[in-house]
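*Asks:* First, the structure itself, so that you have it in front of you.
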There are 8 protein chains.
Amino acid sequence: MKGGKKMRYNFVEPDLERCKRQNFPEAIYCPGKSKDEIIKIIEIFLEGNVSPIILTRMDKVLFTEIKEHFPQMVYHERARLGSIVSKRGVGRLRGNVCVVSAGTADVSVAEEAAVTLELLGNKVTRIYDIGVSGIHRVFKHLSEMRRARCIIVCAGMEGALPGVIAGLVDKVVIGVPVSVGYGVALGGFSALFTILASCSANLVSVNIDDGYGAAIVAHLINNIPKRSKC
Amino acid sequence: MKGGKKMRYNFVEPDLERCKRQNFPEAIYCPGKSKDEIIKIIEIFLEGNVSPIILTRMDKVLFTEIKEHFPQMVYHERARLGSIVSKRGVGRLRGNVCVVSAGTADVSVAEEAAVTLELLGNKVTRIYDIGVSGIHRVFKHLSEMRRARCIIVCAGMEGALPGVIAGLVDKVVIGVPVSVGYGVALGGFSALFTILASCSANLVSVNIDDGYGAAIVAHLINNIPKRSKC
Amino acid sequence: MKGGKKMRYNFVEPDLERCKRQNFPEAIYCPGKSKDEIIKIIEIFLEGNVSPIILTRMDKVLFTEIKEHFPQMVYHERARLGSIVSKRGVGRLRGNVCVVSAGTADVSVAEEAAVTLELLGNKVTRIYDIGVSGIHRVFKHLSEMRRARCIIVCAGMEGALPGVIAGLVDKVVIGVPVSVGYGVALGGFSALFTILASCSANLVSVNIDDGYGAAIVAHLINNIPKRSKC
Amino acid sequence: MKGGKKMRYNFVEPDLERCKRQNFPEAIYCPGKSKDEIIKIIEIFLEGNVSPIILTRMDKVLFTEIKEHFPQMVYHERARLGSIVSKRGVGRLRGNVCVVSAGTADVSVAEEAAVTLELLGNKVTRIYDIGVSGIHRVFKHLSEMRRARCIIVCAGMEGALPGVIAGLVDKVVIGVPVSVGYGVALGGFSALFTILASCSANLVSVNIDDGYGAAIVAHLINNIPKRSKC
Amino acid sequence: MKGGKKMRYNFVEPDLERCKRQNFPEAIYCPGKSKDEIIKIIEIFLEGNVSPIILTRMDKVLFTEIKEHFPQMVYHERARLGSIVSKRGVGRLRGNVCVVSAGTADVSVAEEAAVTLELLGNKVTRIYDIGVSGIHRVFKHLSEMRRARCIIVCAGMEGALPGVIAGLVDKVVIGVPVSVGYGVALGGFSALFTILASCSANLVSVNIDDGYGAAIVAHLINNIPKRSKC
Amino acid sequence: MKGGKKMRYNFVEPDLERCKRQNFPEAIYCPGKSKDEIIKIIEIFLEGNVSPIILTRMDKVLFTEIKEHFPQMVYHERARLGSIVSKRGVGRLRGNVCVVSAGTADVSVAEEAAVTLELLGNKVTRIYDIGVSGIHRVFKHLSEMRRARCIIVCAGMEGALPGVIAGLVDKVVIGVPVSVGYGVALGGFSALFTILASCSANLVSVNIDDGYGAAIVAHLINNIPKRSKC
Amino acid sequence: MKGGKKMRYNFVEPDLERCKRQNFPEAIYCPGKSKDEIIKIIEIFLEGNVSPIILTRMDKVLFTEIKEHFPQMVYHERARLGSIVSKRGVGRLRGNVCVVSAGTADVSVAEEAAVTLELLGNKVTRIYDIGVSGIHRVFKHLSEMRRARCIIVCAGMEGALPGVIAGLVDKVVIGVPVSVGYGVALGGFSALFTILASCSANLVSVNIDDGYGAAIVAHLINNIPKRSKC
Amino acid sequence: MKGGKKMRYNFVEPDLERCKRQNFPEAIYCPGKSKDEIIKIIEIFLEGNVSPIILTRMDKVLFTEIKEHFPQMVYHERARLGSIVSKRGVGRLRGNVCVVSAGTADVSVAEEAAVTLELLGNKVTRIYDIGVSGIHRVFKHLSEMRRARCIIVCAGMEGALPGVIAGLVDKVVIGVPVSVGYGVALGGFSALFTILASCSANLVSVNIDDGYGAAIVAHLINNIPKRSKC
């Protein structure tokens with residue numbers, strides 16, 4: 001193994017078949033894994049020709065350490081995301097997914113979704129900072145949203161934006177509750193429950209701050225019926 | 001005492017000075033009080049010339065039993081509210097408070113607010129069933145809302161409506177979370193947290209289902225600077 | 001108005017444009033609405049040519065009362081759902097959505113999803129009672145699931161089934177947490193959190209027991225890119 | 001842009017119309033925003049002649065960095081608040097809002113409210129450290145409170161003070177639960193629920209620690225019927 | 001056994017030594033016990049000369065059934081409590097415990113405490129319906145409270161009264177949170193947390209609605225240093 | 001099908017292999033299943049020679065209806081459990097499992113465990129009503145407990161008994177939290193957390209009220225190394 | 001003012017009458033107060049002849065800073081408590097309060113109680129590290145506990161010890177839940193609920209980690225009927 | 001005492017009889033204990049011939065400090081565990097316990113279990129990183145699991161793996177919820193509830209992250225009927 005201590009037991013067993021089985025590759029969620037374990041997984045992925053390799057929740061310090069071993073790794077700072085793309089690259093972007101954020105503080109999660117979508121070959125339209133307390137901003141961008149095949153809406157605090165947008169479009173809206181806010185925002189739970197309890201029936205939710213998960217779902221919807229090769 | 005058993009101890013000590021001290025009378029919250037205790041309180045209020053006497057959360061069966069003792073009592077069914085108004089009556093209604101509901105299922109709480117406001121001498125504009133999943137209904141009624149001195153918005157489920165309306169007006173909006181919905185609606189807590197976490201800063205909340213409390217606050221705002229005599 | 005008392009105020013304002021705007025009609029969620037209010041909404045929908053008219057969480061007693069006014073109404077008992085379909089009917093069913101339940105006790109929610117999907121013109125494959133404690137039942141039905149364009153999985157108790165299935169397919173899986181179970185099942189919250197925290201990224205959630213919402217999302221996915229006329 | 005890196009996408013879209021639409025300007029909530037994003041928003045506000053510009057939850061380090069770009073910015077340390085006021089200044093203070101705190105540890109939130117009110121042109125009376133465990137302190141200041149048009153009461157721990165004061169006055173009391181205390185204080189939730197469950201009907205709540213929101217509501221009440229120009 | 005079916009196994013093993021070991025007898029908490037099991041326990045207590053025998057949370061129907069077997073049993077309706085006192089009776093009441101309730105709806109719990117105290121030989125002063133929203137009622141009764149050796153304060157809703165009273169006296173105050181109220185009252189948890197988070201350090205809490213437990217603690221304090229024979 | 005309506009879809013798919021695979025048969029959890037569905041499952045089990053057939057959470061009314069179709073069914077009332085045992089019967093009871101309850105109100109759950117264990121062929125020692133507030137009762141029965149191969153302890157309210165017993169023995173103790181109690185007992189969660197947070201390391205927990213699950217675990221421990229044929 | 005910056009507003013208003021009114025002095029809870037505010041309060045207390053002055057939750061750094069201004073201050077490290085005692089001192093210790101801890105990690109809270117009691121003039125018996133998983137340690141110390149007039153029991157994790165001890169004595173036991181443990185210990189809530197739900201009726205609780213509050217209650221019980229002069 | 005300051009009171013009273021009474025020794029849980037207290041306990045254990053001495057949740061800094069006093073101490077880094085084994089050593093490992101982890105981030109807890117088991121003389125099979133989103137990895141290792149006498153499964157996030165494995169084997173499965181994940185993972189509570197609500201009846205749970213507790217239970221099951229000498 002390049003650059004890590006020998007591990008006594010086999011702590012990692014990555015899922016190399018995921019891309020074939022599910023049409024998207026396994027991502028590496030960094031928290032709780034040691035540097036050596038991450039390096040080991042990347043090596044196995046590279047040997048298995050997995051592309052793109054996506055590392056989520058990666059802080060800049062960790063990126064710098066890992067990049068020493070894999071100079072081809074790219075860092076997407078606002079998205080806290082590292083990526084390695086094979087030489088054949090991402091290719092021409094397909095379809096159109098709209099990624100919306102309610103506030104500036106939600107942008108980090110929105111960028112995790114947007115960058116993941118682009119790495120998987122999807123065309124992305126970004127619309128940021130259009131929360132419901134100044135709702136004219138929603139209407140200003142409505143026709144852009146209506147042109148997309150699927151919409152991701154990231155919102156912290158009270159999380160009302162996904163439901164308002166869902167009521168205005170004929171697409172599936174994927175709400176991403178964001179752990180932004182204080183007090184009753186409850187670390188994103190208030191936004192989560194707002195999304196799930198909304199009367200707009202075309203709205204679903206993923207876990208709090210899970211921009212990556214929202215991107216995978218949007219990627220699968222955007223690629224019906226012609227599948228992408230990931 | 002007319003119509004009740006003698007109570008061994010003095011279980012009730014109503015606050016006769018509240019109207020003089022606070023500009024609104026004490027209401028009788030019915031749950032947990034025995035029929036005899038309610039009768040005793042009404043008798044003390046009548047002797048003290050309290051008007052209006054307002055009984056909240058009163059079901060029809062209880063109303064029928066109590067009305068036998070006080071034939072002048074009126075029942076407001078959708079508001080689950082009983083009232084006794086002194087002979088001098090309510091007088092000409094003043095100002096303008098707007099009472100809004102997100103759905104039809106929230107109307108019971110909205111009516112508790114609207115009827116209380118009217119009994120205290122306020123003019124009320126009702127706008128019901130205009131939830132955010134069909135937001136064009138909000139804009140249709142916006143100029144009516146803007147004419148009010150204060151707006152009460154009742155909403156169950158995810159409770160997004162109060163924040164959306166607050167972002168559109170230059171008045172205090174009193175959100176009333178309603179215990180309507182299932183699952184993550186959490187008996188009104190989801191709507192409560194949505195109201196309190198909203199980015200619209202001109203928005204406050206009262207307790208879940210507390211149409212009466214919202215009415216008192218709106219009544220006090222509507223009567224600045226000239227106080228009503230309640 | 002046929003068969004109801006006159007309402008003093010206008011308590012209902014249904015959203016007739018929803019079908020045009022969102023590609024599915026507004027459903028009538030029955031709890032908290034009076035019989036007269038439901039009748040009023042149906043009349044407005046019939047005048048507006050809305051079809052199908054779907055009434056969710058409708059118990060048999062309420063159905064019998066409402067049916068007197070609308071003899072064309074049909075009751076789907078296991079789904080607790082009433083429906084009125086216009087004379088032109090539902091038409092030939094399109095695509096393929098798979099509806100799965102983990103246990104027999106989850107069937108009521110699964111049927112709410114399945115019947116709604118059929119009323120909106122989608123072909124449905126039902127696979128019931130295949131929970132993870134006897135996981136060979138999942139593999140037995142796997143090829144059927146893989147043929148669908150989208151999979152709905154209803155699960156109460158610990159809610160592990162949606163994540164297990166999601167890990168085996170390349171489709172979006174819509175998890176529906178069900179309020180079945182006791183103790184730590186927490187009225188469906190345990191299943192909800194299991195779905196949202198799953199490592200299977202192609203999995204989203206709707207509210208607890210919200211078979212209707214899951215059906216709308218699956219309907220929109222199933223009808224990309226050729227839209228249905230609802 | 002002065003002093004910041006170029007942002008690849010447009011992460012901020014401030015609401016310049018808020019002051020005209022709502023009678024108070026949008027504030028900048030600092031957490032979660034990058035230094036560059038905050039600078040960008042201030043620049044847009046200055047171009048749009050927004051005044052006062054209020055930055056909440058601003059720590060001293062951030063203030064020092066931002067002040068390099070905007071030397072006219074003032075820091076209110078106990079309130080953790082930065083402000084930029086246009087050359088025409090705040091003008092003569094109007095009306096009278098009373099800001100009360102239960103303990104010394106609640107003063108930070110109380111000052112956020114008091115400073116915001118003064119920046120918006122309101123006269124403020126401060127009464128601090130008068131919690132209910134020494135209730136004679138409340139009565140000592142009661143006539144001062146009764147002279148105000150509206151009272152803000154900040155309280156952590158068990159949060160009993162807002163309800164006690166509300167029961168003694170004929171004004172709207174805005175309770176601000178504060179995240180001070182330990183154990184069952186639950187980060188301000190215990191105070192929040194105490195405020196909302198109070199029998200004093202003239203009491204409302206804002207979010208935990210939301211001194212700014214309380215100030216906006218008090219500002220709107222204090223300026224009925226003659227509106228301020230903000 | 002008189003009047004019950006034979007139990008196959010020994011389901012009850014009452015603690016006959018409690019009075020000797022702890023200076024108060026074991027009470028019979030009725031919910032969850034069958035009629036036969038309650039009869040069995042009373043018989044064992046009577047054989048062991050336990051007095052008083054106290055049955056808590058006893059509804060009237062159960063009382064009527066059990067009284068057939070033990071005609072000497074007395075029912076205290078407002079306290080939902082049954083009692084059997086030995087022939088030597090309760091004796092002259094000693095000391096002075098004050099039992100206070102915030103509202104009329106809290107009286108049931110307050111009476112459970114007051115009746116238990118009297119059955120154990122303590123003199124009780126009852127002061128009911130003096131909640132903090134009309135705080136002049138507290139001051140009216142303050143000298144009575146100050147004469148007691150210990151004060152029990154029962155309060156539902158927001159539960160502020162125990163802390164306010166504790167701040168005015170030099171005695172231990174035992175707060176009893178009561179499951180009265182709605183919404184954020186949270187079935188008594190809001191009152192519980194208010195009591196425990198109070199700044200008044202001479203305040204303790206028992207479980208929600210546990211008037212019996214409060215009485216035992218007050219009984220032990222009231223009988224220091226001369227012990228009662230229970 | 002004997003005695004039920006025809007089901008349109010196949011709602012049940014019982015796991016006939018469980019006994020062979022796991023050494024205990026699938027039980028039928030009755031809530032949420034229709035009478036017809038229960039009958040269908042029993043028929044499939046009888047055809048598959050499953051024995052014992054165990055029906056948990058079965059109320060007496062349901063038992064009476066089902067017994068009409070299966071006269072060989074036996075009802076265990078205190079355990080709310082129905083059973084059908086094949087003609088070859090249970091056989092001689094093996095080993096020794098001790099089932100303990102803290103109070104009389106916990107007996108229903110304890111009996112669910114005890115009866116299940118006996119139906120599976122285990123010898124059971126019952127020790128009931130020995131809660132920690134009279135801890136001498138625990139020591140009185142300690143040698144009996146020490147003779148068992150495994151101990152089940154059912155406790156509601158605060159749930160301290162399982163941890164106290166676990167600290168005294170060298171066996172695995174299976175704690176069963178019981179939903180008995182009020183207020184902070186929280187429907188069994190307080191007991192659950194007490195069991196799991198105990199310092200006694202030889203203690204595990206099952207779900208609240210899950211006497212059946214505790215029995216299965218005890219059965220597997222009791223039958224190491226010689227397996228029973230179930 | 002000695003050693004602090006001038007405060008623009010009066011942020012502190014200490015309760016000098018507390019000792020006369022309540023028989024114990026106000027303590028200074030340090031978190032959330034600035035150094036200058038603490039110095040100001042001590043100066044006011046010294047001028048008012050308050051003794052002892054007790055500062056709770058005081059870390060060593062803060063103590064060092066404050067001691068520069070008040071060299072007579074003493075630090076009790078394990079109790080995180082600072083104290084200033086007047087020249088006349090504490091006097092001969094009276095009565096006997098027993099302070100117990102379940103584990104070594106609970107000692108910090110137990111010491112807060114023990115030191116406070118000693119500063120107020122009470123004799124204290126310390127018994128530490130006798131948790132229920134080795135219950136023979138409880139019995140070894142039982143006669144010591146029985147000699148006290150009141151017992152304080154501090155326990156984290158599952159918090160079973162207070163209830164076990166309460167069942168063995170005829171004194172009031174004051175349980176102090178401690179925020180020690182992980183997972184389901186829930187920061188002390190598990191211990192709190194265990195204490196409150198206990199079947200031992202002579203047991204009360206204070207807030208989590210509130211050793212000071214427990215000491216005040218024990219001090220008042222220990223000084224019946226002859227009051228101490230504090 | 002070697003290497004520590006004199007403690008004024010006796011803060012530690014270790015349970016030397018535990019190994020004789022319970023067949024496993026007391027472990028030292030490090031958080032909340034001072035260095036001196038830990039040293040004191042180790043000295044008492046060494047004098048009492050306790051072996052192995054196990055220190056859980058020990059960070060590397062603390063280990064280094066303590067090792068100066070006890071050079072024979074060994075550190076198990078991934079398990080955060082220190083150990084001292086007597087000269088006679090662990091002996092030949094007996095039986096077979098399987099320790100499984102769902103992800104790489106759960107390995108720390110799994111290693112705490114595995115190392116503890118080995119120190120107590122049990123043979124351990126480790127199977128790591130086989131979560132349900134790639135369920136083929138479970139089947140690949142199934143025969144290994146089936147050969148064990150007892151299986152420990154550690155899982156964070158949604159915690160589905162323990163229930164899936166339990167459904168496939170005829171052994172007791174001990175689930176260990178792990179505090180890995182974000183949002184609805186809720187610090188391990190989501191995994192805990194998933195384990196407890198599972199339909200697989202042969203599954204129990206220990207506290208979140210309690211690898212040590214799981215090891216003790218597995219050790220006792222693995223050593224039936226021939227007891228180990230620990």
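Please note that chains go A, B, ... in the order of the structure tokens, that every chain numbers its residues from 1, and that ligands are numbered from 1 in the order shown.
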Compile a residue-level contact table for chain C against chain B at a cut-off of 12 Å, reporting for every qualifying residue the shortest atom pair and its distance in Å to one decimal, with only C-alpha atoms counted, rows ordered by chain and ascending number, as JSON lines.
*Replies:*
{"residue": "C:Met7", "atom": "CA", "partner": "B:Arg78", "partner_atom": "CA", "distance": 10.3}
{"residue": "C:Arg8", "atom": "CA", "partner": "B:Arg78", "partner_atom": "CA", "distance": 10.4}
{"residue": "C:Tyr9", "atom": "CA", "partner": "B:Arg126", "partner_atom": "CA", "distance": 8.0}
{"residue": "C:Asn10", "atom": "CA", "partner": "B:Tyr128", "partner_atom": "CA", "distance": 7.0}
{"residue": "C:Phe11", "atom": "CA", "partner": "B:Tyr128", "partner_atom": "CA", "distance": 5.5}
{"residue": "C:Val12", "atom": "CA", "partner": "B:Asp129", "partner_atom": "CA", "distance": 5.5}
{"residue": "C:Glu13", "atom": "CA", "partner": "B:Asp129", "partner_atom": "CA", "distance": 5.5}
{"residue": "C:Pro14", "atom": "CA", "partner": "B:Asp129", "partner_atom": "CA", "distance": 7.6}
{"residue": "C:Asp15", "atom": "CA", "partner": "B:Gly134", "partner_atom": "CA", "distance": 6.2}
{"residue": "C:Leu16", "atom": "CA", "partner": "B:Gly134", "partner_atom": "CA", "distance": 9.3}
{"residue": "C:Glu17", "atom": "CA", "partner": "B:Gly134", "partner_atom": "CA", "distance": 8.4}
{"residue": "C:Arg18", "atom": "CA", "partner": "B:Gly134", "partner_atom": "CA", "distance": 7.5}
{"residue": "C:Cys19", "atom": "CA", "partner": "B:Gly134", "partner_atom": "CA", "distance": 11.2}
{"residue": "C:Arg21", "atom": "CA", "partner": "B:Gly134", "partner_atom": "CA", "distance": 9.6}
{"residue": "C:Gln22", "atom": "CA", "partner": "B:Gly134", "partner_atom": "CA", "distance": 10.3}
{"residue": "C:Pro25", "atom": "CA", "partner": "B:Gly134", "partner_atom": "CA", "distance": 11.7}
{"residue": "C:Glu26", "atom": "CA", "partner": "B:Ser133", "partner_atom": "CA", "distance": 9.7}
{"residue": "C:Ile28", "atom": "CA", "partner": "B:Thr104", "partner_atom": "CA", "distance": 10.5}
{"residue": "C:Tyr29", "atom": "CA", "partner": "B:Ala105", "partner_atom": "CA", "distance": 9.3}
{"residue": "C:Cys30", "atom": "CA", "partner": "B:Ala105", "partner_atom": "CA", "distance": 8.9}
{"residue": "C:Pro31", "atom": "CA", "partner": "B:Ala105", "partner_atom": "CA", "distance": 7.5}
{"residue": "C:Gly32", "atom": "CA", "partner": "B:Ala105", "partner_atom": "CA", "distance": 4.6}
{"residue": "C:Lys33", "atom": "CA", "partner": "B:Ala105", "partner_atom": "CA", "distance": 5.3}
{"residue": "C:Ser34", "atom": "CA", "partner": "B:Ala105", "partner_atom": "CA", "distance": 8.5}
{"residue": "C:Lys35", "atom": "CA", "partner": "B:Thr104", "partner_atom": "CA", "distance": 11.7}
{"residue": "C:Asp36", "atom": "CA", "partner": "B:Thr104", "partner_atom": "CA", "distance": 11.4}
{"residue": "C:Glu37", "atom": "CA", "partner": "B:Thr104", "partner_atom": "CA", "distance": 8.0}
{"residue": "C:Ile38", "atom": "CA", "partner": "B:Thr104", "partner_atom": "CA", "distance": 9.6}
{"residue": "C:Lys40", "atom": "CA", "partner": "B:Thr104", "partner_atom": "CA", "distance": 11.5}
{"residue": "C:Ile41", "atom": "CA", "partner": "B:Thr104", "partner_atom": "CA", "distance": 10.3}
{"residue": "C:Arg57", "atom": "CA", "partner": "B:Tyr182", "partner_atom": "CA", "distance": 10.9}
{"residue": "C:Val176", "atom": "CA", "partner": "B:Gly183", "partner_atom": "CA", "distance": 11.1}
{"residue": "C:Pro177", "atom": "CA", "partner": "B:Gly183", "partner_atom": "CA", "distance": 9.2}
{"residue": "C:Val178", "atom": "CA", "partner": "B:Gly183", "partner_atom": "CA", "distance": 9.1}
{"residue": "C:Ser179", "atom": "CA", "partner": "B:Gly183", "partner_atom": "CA", "distance": 8.0}
{"residue": "C:Val180", "atom": "CA", "partner": "B:Gly183", "partner_atom": "CA", "distance": 11.7}
{"residue": "C:Leu186", "atom": "CA", "partner": "B:Gly183", "partner_atom": "CA", "distance": 10.1}
{"residue": "C:Gly187", "atom": "CA", "partner": "B:Gly183", "partner_atom": "CA", "distance": 7.6}
{"residue": "C:Gly188", "atom": "CA", "partner": "B:Gly183", "partner_atom": "CA", "distance": 7.3}
{"residue": "C:Phe189", "atom": "CA", "partner": "B:Gly183", "partner_atom": "CA", "distance": 7.7}
{"residue": "C:Ser190", "atom": "CA", "partner": "B:Gly183", "partner_atom": "CA", "distance": 11.3}
{"residue": "C:Ala191", "atom": "CA", "partner": "B:Gly183", "partner_atom": "CA", "distance": 11.3}
{"residue": "C:Leu192", "atom": "CA", "partner": "B:Val184", "partner_atom": "CA", "distance": 9.4}
{"residue": "C:Phe193", "atom": "CA", "partner": "B:Val184", "partner_atom": "CA", "distance": 11.2}
{"residue": "C:Ser205", "atom": "CA", "partner": "B:Val184", "partner_atom": "CA", "distance": 11.8}
{"residue": "C:Val206", "atom": "CA", "partner": "B:Val184", "partner_atom": "CA", "distance": 9.8}
{"residue": "C:Asn207", "atom": "CA", "partner": "B:Gly183", "partner_atom": "CA", "distance": 6.2}
{"residue": "C:Ile208", "atom": "CA", "partner": "B:Gly183", "partner_atom": "CA", "distance": 4.9}
{"residue": "C:Asp209", "atom": "CA", "partner": "B:Gly183", "partner_atom": "CA", "distance": 7.2}
{"residue": "C:Asp210", "atom": "CA", "partner": "B:Gly183", "partner_atom": "CA", "distance": 8.6}
*Asks:* List the neighbours of segment 141-149 of chain B out to 12 Å using only C-alpha atoms; skip same-chain residues closer than 3 positions along the sequence, and give me the result as number ranges by chain.
*Replies:* B: 94-100, 122-131, 135-138, 152-153, 164-174, 217-224; C: 13; D: 21-22, 220-221, 223-227
*Asks:* Using DSSP assignments from the backbone, pull out every residue in segment 37-220 of chain B that falls under helix (DSSP H, G or I) and give it to me as number ranges by chain.
*Replies:* B: 37-47, 60-67, 104-119, 132-134, 136-140, 142-147, 161-166, 183-197, 211-220
*Asks:* Need to verify the contact set: segment 45-54 of chain A, 6 Å, only C-alpha atoms, exclusion of same-chain residues closer than 3 positions in sequence. Can you return it as an mmCIF file with N, CA and C atoms, in the first residue's frame?
*Replies:*
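Saved the output as selection25.cif:
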data_model
loop_
_atom_site.group_PDB
_atom_site.id
_atom_site.type_symbol
_atom_site.label_atom_id
_atom_site.label_comp_id
_atom_site.auth_asym_id
_atom_site.auth_seq_id
_atom_site.Cartn_x
_atom_site.Cartn_y
_atom_site.Cartn_z
ATOM 1 N N ALA A 27 -19.769 6.520 -2.980
ATOM 2 C CA ALA A 27 -18.954 7.673 -2.584
ATOM 3 C C ALA A 27 -18.244 7.342 -1.275
ATOM 4 N N ILE A 42 -9.455 4.387 -1.987
ATOM 5 C CA ILE A 42 -9.196 5.013 -3.287
ATOM 6 C C ILE A 42 -8.378 4.086 -4.178
ATOM 7 N N GLY A 82 -14.019 16.223 -2.551
ATOM 8 C CA GLY A 82 -12.889 15.890 -3.392
ATOM 9 C C GLY A 82 -13.327 14.959 -4.510
ATOM 10 N N SER A 83 -12.643 15.036 -5.665
ATOM 11 C CA SER A 83 -13.040 14.137 -6.760
ATOM 12 C C SER A 83 -11.833 13.699 -7.574
ATOM 13 N N ILE A 84 -11.907 12.487 -8.077
ATOM 14 C CA ILE A 84 -10.940 11.984 -9.059
ATOM 15 C C ILE A 84 -11.743 11.451 -10.236
ATOM 16 N N VAL A 85 -11.485 12.001 -11.398
ATOM 17 C CA VAL A 85 -12.214 11.583 -12.589
ATOM 18 C C VAL A 85 -11.228 10.871 -13.519
ATOM 19 N N SER A 86 -11.678 9.787 -14.099
ATOM 20 C CA SER A 86 -10.784 9.021 -14.978
ATOM 21 C C SER A 86 -10.441 9.831 -16.221
#
*Asks:* Rounded to one decimal in Å, what is the spacing between atom CA of Leu161 of chain G and atom CA of Ala214 of chain F?
*Replies:*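 Computed distance, atom CA of Leu161 of chain G to atom CA of Ala214 of chain F, equals 25.4 Å.
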